[in-house]
$ cat work-v8.txt   # compact mmCIF, C-alpha atoms
# COMPACT_ATOMS: atom_id res chain seq x y z
CA MET Y 11 -70.86 -95.40 -5.82
CA THR Y 12 -74.14 -94.82 -7.62
CA ASP Y 13 -74.41 -94.71 -11.40
CA ASP Y 14 -75.31 -91.02 -11.15
CA MET Y 15 -72.17 -90.21 -9.19
CA ALA Y 16 -69.99 -92.23 -11.55
CA THR Y 17 -71.20 -90.36 -14.63
CA THR Y 18 -70.56 -86.96 -13.05
CA ALA Y 19 -67.15 -87.81 -11.62
CA ILE Y 20 -65.36 -85.50 -14.05
CA ALA Y 21 -66.76 -82.30 -15.50
CA THR Y 22 -65.19 -79.89 -17.96
CA PRO Y 23 -65.76 -76.15 -18.32
CA PRO Y 24 -67.87 -74.96 -21.24
CA ASP Y 25 -66.18 -73.97 -24.47
CA GLY Y 26 -65.16 -70.35 -24.78
CA VAL Y 27 -64.32 -69.62 -21.14
CA ASP Y 28 -61.89 -66.77 -21.67
CA SER Y 29 -59.31 -66.04 -18.99
CA LEU Y 30 -59.49 -62.35 -19.84
CA LEU Y 31 -63.23 -61.76 -19.97
CA PRO Y 32 -63.55 -58.22 -18.59
CA PRO Y 33 -64.76 -58.25 -14.98
CA ALA Y 34 -67.86 -56.39 -13.88
CA ASP Y 35 -67.15 -53.11 -12.06
CA ALA Y 36 -68.16 -54.57 -8.68
CA ASP Y 37 -65.91 -57.61 -9.16
CA LEU Y 38 -62.94 -55.49 -10.19
CA ALA Y 39 -63.45 -53.13 -7.24
CA THR Y 40 -63.43 -56.00 -4.74
CA MET Y 41 -60.43 -57.68 -6.35
CA LEU Y 42 -58.47 -54.44 -6.15
CA LEU Y 43 -59.63 -53.80 -2.59
CA ILE Y 44 -58.26 -57.20 -1.54
CA ARG Y 45 -55.01 -56.59 -3.46
CA HIS Y 46 -54.30 -53.29 -1.72
CA PHE Y 47 -55.41 -54.66 1.66
CA GLU Y 48 -52.83 -57.43 1.39
CA LEU Y 49 -50.10 -55.07 0.21
CA ALA Y 50 -50.85 -52.80 3.18
CA LEU Y 51 -50.45 -55.73 5.58
CA LEU Y 52 -47.01 -56.57 4.19
CA GLU Y 53 -46.00 -52.92 4.52
CA LEU Y 54 -47.24 -52.78 8.13
CA PHE Y 55 -45.25 -55.90 8.99
CA ALA Y 56 -42.15 -54.46 7.31
CA ARG Y 57 -42.49 -51.33 9.49
CA GLY Y 58 -42.80 -53.45 12.62
CA GLU Y 59 -46.36 -52.30 13.31
CA LEU Y 60 -47.89 -55.80 13.33
CA HIS Y 61 -46.99 -58.91 15.29
CA GLY Y 62 -47.17 -62.63 14.60
CA THR Y 63 -47.47 -63.63 10.97
CA THR Y 64 -49.80 -63.36 8.00
CA HIS Y 65 -50.38 -65.22 4.75
CA THR Y 66 -51.59 -63.04 1.90
CA CYS Y 67 -53.68 -64.12 -1.08
CA LEU Y 68 -51.84 -61.89 -3.57
CA GLY Y 69 -52.56 -63.25 -7.04
CA GLN Y 70 -55.58 -65.27 -5.90
CA GLU Y 71 -58.00 -62.41 -5.16
CA TYR Y 72 -60.40 -63.23 -7.99
CA VAL Y 73 -61.25 -66.70 -6.62
CA PRO Y 74 -63.55 -65.72 -3.72
CA VAL Y 75 -64.84 -62.74 -5.71
CA ALA Y 76 -65.98 -65.13 -8.44
CA LEU Y 77 -67.71 -67.47 -6.00
CA ALA Y 78 -69.36 -64.95 -3.66
CA PRO Y 79 -72.46 -64.36 -5.86
CA LEU Y 80 -73.06 -68.12 -5.99
CA LEU Y 81 -73.51 -68.24 -2.20
CA ASP Y 82 -76.24 -67.03 0.13
CA GLU Y 83 -76.38 -66.22 3.84
CA ARG Y 84 -77.48 -69.75 4.78
CA ASP Y 85 -74.26 -71.23 3.39
CA TYR Y 86 -71.26 -71.95 5.57
CA VAL Y 87 -67.79 -70.85 4.45
CA PHE Y 88 -64.70 -72.49 5.95
CA SER Y 89 -61.51 -70.63 5.13
CA ASN Y 90 -57.83 -71.28 5.82
CA HIS Y 91 -54.59 -69.49 6.73
CA ARG Y 92 -54.67 -67.54 3.45
CA GLY Y 93 -58.18 -66.25 3.98
CA HIS Y 94 -58.32 -62.44 3.97
CA GLY Y 95 -59.79 -62.38 0.47
CA HIS Y 96 -62.35 -65.01 1.43
CA TYR Y 97 -63.53 -62.84 4.33
CA ILE Y 98 -63.65 -59.56 2.39
CA ALA Y 99 -65.50 -61.14 -0.55
CA ARG Y 100 -68.01 -62.66 1.87
CA PHE Y 101 -68.70 -59.64 4.10
CA GLY Y 102 -67.27 -56.55 2.40
CA ASP Y 103 -65.73 -55.58 5.75
CA PRO Y 104 -62.03 -54.73 5.41
CA ALA Y 105 -62.22 -52.45 8.46
CA GLY Y 106 -63.28 -55.21 10.85
CA LEU Y 107 -60.62 -57.57 9.52
CA LEU Y 108 -57.83 -54.99 9.66
CA ALA Y 109 -58.86 -54.08 13.22
CA GLU Y 110 -58.69 -57.78 14.09
CA ILE Y 111 -55.18 -58.13 12.68
CA MET Y 112 -54.02 -54.89 14.35
CA GLY Y 113 -55.77 -55.62 17.64
CA ARG Y 114 -57.84 -52.45 17.51
CA GLU Y 115 -61.34 -51.50 18.55
CA GLY Y 116 -63.96 -52.83 16.17
CA ALA Y 117 -62.08 -56.10 15.57
CA VAL Y 118 -64.20 -58.99 14.31
CA CYS Y 119 -63.09 -61.29 17.17
CA ASN Y 120 -61.93 -58.63 19.63
CA GLY Y 121 -58.35 -59.08 18.46
CA VAL Y 122 -57.89 -62.64 19.76
CA GLY Y 123 -58.12 -64.36 16.36
CA GLY Y 124 -55.58 -62.30 14.46
CA SER Y 125 -54.79 -62.95 10.81
CA GLN Y 126 -55.72 -66.63 10.60
CA HIS Y 127 -58.51 -67.46 13.06
CA VAL Y 128 -61.66 -65.50 12.35
CA LEU Y 129 -65.23 -66.42 13.28
CA ARG Y 130 -68.25 -64.47 12.09
CA ASP Y 131 -71.76 -65.75 11.50
CA ARG Y 132 -71.34 -68.80 9.25
CA TYR Y 133 -67.70 -68.10 8.39
CA LEU Y 134 -64.67 -69.67 10.08
CA SER Y 135 -61.00 -69.52 9.15
CA THR Y 136 -58.25 -71.66 10.65
CA GLY Y 137 -54.49 -72.02 10.33
CA VAL Y 138 -54.55 -75.83 10.69
CA GLN Y 139 -54.03 -77.59 7.36
CA GLY Y 140 -56.93 -79.85 6.45
CA GLU Y 141 -58.99 -79.07 9.55
CA SER Y 142 -61.72 -77.23 7.70
CA LEU Y 143 -62.70 -80.09 5.41
CA PRO Y 144 -64.04 -82.57 8.02
CA VAL Y 145 -65.64 -79.68 9.92
CA ALA Y 146 -67.30 -78.53 6.69
CA ALA Y 147 -68.53 -82.08 6.09
CA GLY Y 148 -70.15 -82.02 9.51
CA ALA Y 149 -71.77 -78.68 8.77
CA ALA Y 150 -72.98 -80.04 5.43
CA LEU Y 151 -74.59 -82.99 7.21
CA HIS Y 152 -76.39 -80.58 9.54
CA LEU Y 153 -77.58 -78.52 6.58
CA LYS Y 154 -78.84 -81.59 4.75
CA ARG Y 155 -80.94 -82.57 7.75
CA HIS Y 156 -82.15 -79.16 8.89
CA GLU Y 157 -81.69 -76.59 6.08
CA PRO Y 158 -82.15 -78.30 2.71
CA GLY Y 159 -80.79 -76.27 -0.16
CA ALA Y 160 -77.90 -74.72 1.78
CA LEU Y 161 -74.27 -75.82 1.31
CA ALA Y 162 -70.93 -75.80 3.09
CA LEU Y 163 -67.95 -74.45 1.16
CA THR Y 164 -64.41 -75.14 2.26
CA TYR Y 165 -61.26 -73.59 0.76
CA VAL Y 166 -58.14 -75.76 0.60
CA GLY Y 167 -54.85 -75.59 -1.27
CA ASP Y 168 -53.03 -78.18 -3.33
CA GLY Y 169 -50.74 -78.86 -0.34
CA THR Y 170 -53.70 -79.86 1.83
CA TRP Y 171 -54.16 -83.03 -0.23
CA GLY Y 172 -51.38 -84.59 1.83
CA GLU Y 173 -53.67 -84.64 4.89
CA GLY Y 174 -55.57 -87.82 5.73
CA ALA Y 175 -58.57 -85.89 7.03
CA VAL Y 176 -59.24 -84.73 3.46
CA TYR Y 177 -59.99 -88.27 2.33
CA GLU Y 178 -62.04 -89.18 5.39
CA ALA Y 179 -64.23 -86.14 4.72
CA LEU Y 180 -64.58 -86.91 0.99
CA ASN Y 181 -65.54 -90.49 1.79
CA LEU Y 182 -68.36 -89.35 4.08
CA ALA Y 183 -69.46 -86.64 1.64
CA ALA Y 184 -69.84 -89.23 -1.10
CA LEU Y 185 -71.52 -91.87 1.11
CA TRP Y 186 -74.00 -89.45 2.65
CA ARG Y 187 -74.52 -87.26 -0.43
CA LEU Y 188 -73.57 -84.11 1.44
CA PRO Y 189 -73.99 -80.56 0.08
CA LEU Y 190 -70.22 -80.00 0.29
CA LEU Y 191 -68.29 -77.73 -2.08
CA VAL Y 192 -64.51 -78.17 -1.88
CA VAL Y 193 -62.74 -75.24 -3.54
CA VAL Y 194 -59.10 -76.01 -4.29
CA GLU Y 195 -56.91 -72.96 -4.86
CA ASN Y 196 -54.18 -74.78 -6.74
CA ASN Y 197 -51.34 -72.26 -6.84
CA GLY Y 198 -48.68 -74.81 -7.72
CA ILE Y 199 -46.71 -74.61 -4.49
CA ALA Y 200 -47.15 -75.91 -0.94
CA GLN Y 201 -45.29 -73.40 1.26
CA SER Y 202 -41.91 -73.91 -0.44
CA THR Y 203 -42.46 -77.23 -2.25
CA PRO Y 204 -43.70 -77.28 -5.86
CA THR Y 205 -46.86 -79.32 -6.29
CA HIS Y 206 -45.19 -81.71 -8.73
CA ALA Y 207 -42.68 -82.61 -6.02
CA GLN Y 208 -45.24 -83.36 -3.32
CA MET Y 209 -48.37 -84.73 -5.04
CA ALA Y 210 -48.61 -87.95 -7.03
CA GLY Y 211 -51.39 -88.11 -9.59
CA THR Y 212 -54.05 -85.43 -9.87
CA ILE Y 213 -56.78 -83.84 -7.78
CA GLN Y 214 -59.23 -84.89 -10.47
CA ALA Y 215 -58.33 -88.56 -10.04
CA ARG Y 216 -58.54 -88.33 -6.26
CA ALA Y 217 -62.05 -86.89 -6.44
CA ALA Y 218 -63.05 -89.54 -8.99
CA ALA Y 219 -61.88 -92.29 -6.62
CA PHE Y 220 -64.81 -91.32 -4.37
CA GLY Y 221 -67.24 -90.79 -7.23
CA ILE Y 222 -67.26 -87.05 -6.55
CA ALA Y 223 -67.69 -84.56 -9.38
CA HIS Y 224 -64.62 -82.52 -10.27
CA LEU Y 225 -64.31 -79.31 -12.26
CA ARG Y 226 -60.98 -77.69 -13.12
CA VAL Y 227 -61.05 -74.07 -14.28
CA GLU Y 228 -57.99 -72.14 -15.42
CA SER Y 229 -59.68 -68.80 -16.07
CA THR Y 230 -58.76 -65.78 -13.93
CA SER Y 231 -62.01 -64.07 -14.88
CA PRO Y 232 -64.74 -64.00 -12.20
CA THR Y 233 -67.31 -64.12 -14.99
CA GLY Y 234 -65.62 -67.11 -16.61
CA ILE Y 235 -65.33 -69.00 -13.35
CA ARG Y 236 -68.99 -68.38 -12.49
CA THR Y 237 -70.12 -69.49 -15.94
CA ALA Y 238 -68.26 -72.77 -15.55
CA ALA Y 239 -69.09 -73.47 -11.90
CA ALA Y 240 -72.67 -72.25 -11.39
CA PRO Y 241 -74.54 -75.32 -12.76
CA LEU Y 242 -72.53 -77.74 -10.62
CA VAL Y 243 -72.74 -75.56 -7.52
CA GLU Y 244 -76.53 -75.75 -7.81
CA LYS Y 245 -76.25 -79.54 -7.87
CA VAL Y 246 -74.20 -79.40 -4.67
CA ARG Y 247 -77.23 -77.90 -2.94
CA SER Y 248 -79.21 -81.04 -3.68
CA GLY Y 249 -76.53 -83.37 -2.30
CA ALA Y 250 -74.00 -83.81 -5.11
CA PRO Y 251 -70.60 -82.90 -3.58
CA LEU Y 252 -68.12 -81.16 -5.86
CA VAL Y 253 -64.38 -80.58 -5.95
CA LEU Y 254 -63.84 -77.27 -7.77
CA GLU Y 255 -60.17 -76.90 -8.69
CA LEU Y 256 -59.12 -73.39 -9.65
CA VAL Y 257 -55.67 -73.02 -11.15
CA THR Y 258 -54.16 -69.86 -9.73
CA HIS Y 259 -50.84 -68.27 -8.72
CA ARG Y 260 -49.42 -67.21 -5.38
CA LEU Y 261 -47.80 -63.89 -6.20
CA GLY Y 262 -46.38 -63.23 -2.73
CA PRO Y 263 -44.37 -65.28 -0.24
CA HIS Y 264 -45.80 -68.15 1.80
CA SER Y 265 -46.14 -65.86 4.79
CA LYS Y 266 -44.85 -62.33 5.16
CA GLY Y 267 -41.32 -62.80 3.84
CA ASP Y 268 -40.26 -66.40 3.13
CA ASP Y 269 -40.30 -66.82 -0.63
CA THR Y 270 -37.89 -69.51 -1.80
CA ARG Y 271 -38.64 -69.31 -5.52
CA THR Y 272 -36.01 -68.27 -8.04
CA ASP Y 273 -36.11 -64.95 -9.88
CA ALA Y 274 -37.10 -66.79 -13.06
CA GLU Y 275 -39.99 -68.51 -11.29
CA LEU Y 276 -41.19 -65.23 -9.81
CA ARG Y 277 -41.06 -63.51 -13.21
CA GLN Y 278 -43.26 -66.27 -14.63
CA VAL Y 279 -45.78 -65.87 -11.80
CA ARG Y 280 -45.89 -62.08 -12.20
CA ALA Y 281 -46.46 -62.42 -15.93
CA ALA Y 282 -49.56 -64.52 -15.21
CA ASP Y 283 -50.90 -62.16 -12.53
CA TRP Y 284 -54.45 -60.96 -13.25
CA HIS Y 285 -53.56 -57.46 -12.00
CA ALA Y 286 -50.88 -56.95 -14.63
CA ARG Y 287 -53.01 -58.43 -17.41
CA TYR Y 288 -56.12 -56.41 -16.62
CA ARG Y 289 -54.03 -53.25 -16.23
CA GLU Y 290 -52.88 -53.74 -19.80
CA THR Y 291 -56.24 -54.69 -21.32
CA LEU Y 292 -58.62 -52.38 -19.41
CA GLY Y 293 -56.53 -49.22 -19.55
CA THR Y 294 -58.12 -46.13 -17.96
CA ARG Y 295 -60.98 -48.08 -16.42
CA PHE Y 296 -58.51 -50.21 -14.51
CA ALA Y 297 -56.26 -47.31 -13.51
CA GLU Y 298 -59.16 -45.37 -12.04
CA ALA Y 299 -60.52 -48.34 -10.09
CA ASP Y 300 -57.04 -49.20 -8.84
CA ALA Y 301 -56.45 -45.66 -7.58
CA VAL Y 302 -59.81 -45.68 -5.75
CA ALA Y 303 -58.98 -48.98 -4.01
CA ALA Y 304 -55.48 -47.84 -3.05
CA ALA Y 305 -56.78 -44.60 -1.56
CA ARG Y 306 -59.53 -46.42 0.33
CA VAL Y 307 -57.07 -48.82 1.93
CA ALA Y 308 -54.65 -46.02 2.81
CA ARG Y 309 -57.43 -44.14 4.62
CA LEU Y 310 -58.52 -47.35 6.32
CA VAL Y 311 -55.03 -48.07 7.65
CA ASP Y 312 -54.74 -44.57 9.12
CA GLU Y 313 -58.21 -44.71 10.66
CA VAL Y 314 -57.84 -48.18 12.22
CA ALA Y 315 -54.32 -47.46 13.50
CA ALA Y 316 -55.71 -44.43 15.37
CA ARG Y 317 -58.25 -46.53 17.27
CA PRO Y 318 -57.67 -47.71 20.84
CA SER Y 319 -56.64 -51.30 21.46
CA SER Y 320 -59.41 -53.89 21.39
CA VAL Y 321 -60.60 -55.35 24.68
CA TRP Y 322 -61.72 -58.94 25.08
CA SER Y 323 -63.94 -60.10 27.90
CA VAL Y 324 -65.24 -63.56 28.76
CA ALA Y 325 -68.63 -62.00 29.47
$ encode --input "work-v8.txt" --output "structure tokens"
Amino acid sequence: MTDDMATTAIATPPDGVDSLLPPADADLATMLLIRHFELALLELFARGELHGTTHTCLGQEYVPVALAPLLDERDYVFSNHRGHGHYIARFGDPAGLLAEIMGREGAVCNGVGGSQHVLRDRYLSTGVQGESLPVAAGAALHLKRHEPGALALTYVGDGTWGEGAVYEALNLAALWRLPLLVVVENNGIAQSTPTHAQMAGTIQARAAAFGIAHLRVESTSPTGIRTAAAPLVEKVRSGAPLVLELVTHRLGPHSKGDDTRTDAELRQVRAADWHARYRETLGTRFAEADAVAAARVARLVDEVAARPSSVWSVA
């Protein structure tokens, strides 16, 4: 560990980061688009119109929306099983993703990837816990050698910190000074197990053990998150890996219908939901944007459902 890495092992957000800073119109529109996209998926599954499974990011929509402006097209993004919001914030393409999940013409991966496994340009999602972190470290090594200034971002959850591959990747990132940004969506629950029952210690301490900078942000405001994270993300580009821990809430079930939390726990989560809080504080502005997003997704579902089935060919 170098002296420089040791002194930056723990970072704190700037004073005055307000969880309810009003979002910009573009941020709010994308957050609401993701919210209604995910709600539509659950409704389609309930009607028996989709197959397999899906893991929604309800409650966590603001995370990728906050980070998207900090990235550029050279950067790699490695997503996970709960990645619809990551994809939409990156590409603004709900139609291609919905077609992929429904197996319809225009699907991002011709319908063979489904909800969890999507590949497009420098974006990859996977349903395998912990897989993305060592792959992202490899991509970061490539970027360091061939595209200086670019970074690899990988999204993981608090439950992923039980995987050994996480620590192997962090070790290499620290040793080789990789441009690796690890975004932890800490929603307090790993499938059905509360974080306090499955993780000893803290994510901060685990990052510090490798001499890797750590920043924990509890704001649900895209503006607040960007304000706190932007300076350290720029350092990542020059080879200072970062673990960015965002405290969030999983509003929906683990997958499409397996929520084991009590009614009291669910009420607490709903009370902290950004959607409910912004609805109250933004009033008419929020109501109008929400209606626009809901109508857009409803039209999208009808249009994609009317398409012919996607066709995949080896050629």
$ atom_distance --input "work-v8.txt" --atom1 "CA of Ala105 in chain Y" --atom2 "CA of Arg306 in chain Y"
10.5 Å
$ residues_around --input "work-v8.txt" --residues "range 319-325 of chain Y" --least-positions-apart "2" --cutoff "6 Å" --atoms "only C-alpha atoms" --output "list in words"
Gly113, Arg114, Glu115 and Asn120 of chain Y
$ write_last_selection --input "work-v8.txt" --atoms "C-alpha atoms" --output "compact mmCIF listing (two decimals), keeping the file's coordinate frame"
# COMPACT_ATOMS: atom_id res chain seq x y z
CA GLY Y 113 -55.77 -55.62 17.64
CA ARG Y 114 -57.84 -52.45 17.51
CA GLU Y 115 -61.34 -51.50 18.55
CA ASN Y 120 -61.93 -58.63 19.63
$ atom_distance --input "work-v8.txt" --atom1 "CA of Asp82 in chain Y" --atom2 "CA of Trp186 in chain Y"
22.7 Å
$ atom_distance --input "work-v8.txt" --atom1 "CA of Pro241 in chain Y" --atom2 "CA of Val75 in chain Y"
17.4 Å
$ closest_residue --input "work-v8.txt" --among "Y:Glu110, Y:Asp35, Y:Glu298, Y:Glu244" --to "Arg130 in chain Y" --atoms "all atoms listed in the file"
Y:Glu110
$ closest_residue --input "work-v8.txt" --among "Y:Ala223, Y:Leu161, Y:Ala36, Y:Leu108" --to "Gln126 in chain Y" --atoms "all atoms listed in the file"
Y:Leu108
$ residues_around --input "work-v8.txt" --residues "Gly159 in chain Y" --least-positions-apart "3" --cutoff "8 Å" --atoms "only C-alpha atoms" --output "list in words"
Leu153, Lys154, Arg247 and Ser248 of chain Y
$ residues_around --input "work-v8.txt" --residues "Ala34 in chain Y" --least-positions-apart "5" --cutoff "9 Å" --atoms "all atoms listed in the file" --output "short mmCIF file (atom, residue, chain, number, x, y, z; two decimals) with C-alpha atoms, keeping the file's coordinate frame"
data_model
loop_
_atom_site.label_atom_id
_atom_site.label_comp_id
_atom_site.auth_asym_id
_atom_site.auth_seq_id
_atom_site.Cartn_x
_atom_site.Cartn_y
_atom_site.Cartn_z
CA ALA Y 39 -63.45 -53.13 -7.24
CA PRO Y 232 -64.74 -64.00 -12.20
CA THR Y 233 -67.31 -64.12 -14.99
#
$ residues_around --input "work-v8.txt" --residues "Ala301 in chain Y" --least-positions-apart "5" --cutoff "10 Å" --atoms "all atoms listed in the file" --output "ChimeraX atom specification"
/Y:42,46,296,306
$ closest_residue --input "work-v8.txt" --among "Y:Pro104, Y:Gly95, Y:Gly172, Y:Pro189" --to "Leu151 in chain Y" --atoms "only C-alpha atoms"
Y:Pro189
$ closest_residue --input "work-v8.txt" --among "Y:His127, Y:Ala56, Y:Leu190, Y:Ala282" --to "Gly148 in chain Y" --atoms "all atoms listed in the file"
Y:Leu190
$ closest_residue --input "work-v8.txt" --among "Y:Ala250, Y:Ala109, Y:Met41, Y:Leu52" --to "Gln70 in chain Y" --atoms "all atoms listed in the file"
Y:Met41
$ residues_around --input "work-v8.txt" --residues "Ser142 in chain Y" --least-positions-apart "4" --cutoff "9 Å" --atoms "only C-alpha atoms" --output "mmCIF file with C-alpha atoms, keeping the file's coordinate frame"
data_model
loop_
_atom_site.group_PDB
_atom_site.id
_atom_site.type_symbol
_atom_site.label_atom_id
_atom_site.label_comp_id
_atom_site.auth_asym_id
_atom_site.auth_seq_id
_atom_site.Cartn_x
_atom_site.Cartn_y
_atom_site.Cartn_z
ATOM 1 C CA PHE Y 88 -64.700 -72.490 5.950
ATOM 2 C CA SER Y 89 -61.510 -70.630 5.130
ATOM 3 C CA ASN Y 90 -57.830 -71.280 5.820
ATOM 4 C CA LEU Y 134 -64.670 -69.670 10.080
ATOM 5 C CA SER Y 135 -61.000 -69.520 9.150
ATOM 6 C CA THR Y 136 -58.250 -71.660 10.650
ATOM 7 C CA VAL Y 138 -54.550 -75.830 10.690
ATOM 8 C CA ALA Y 146 -67.300 -78.530 6.690
ATOM 9 C CA ALA Y 147 -68.530 -82.080 6.090
ATOM 10 C CA THR Y 164 -64.410 -75.140 2.260
ATOM 11 C CA TYR Y 165 -61.260 -73.590 0.760
ATOM 12 C CA VAL Y 166 -58.140 -75.760 0.600
ATOM 13 C CA VAL Y 176 -59.240 -84.730 3.460
#
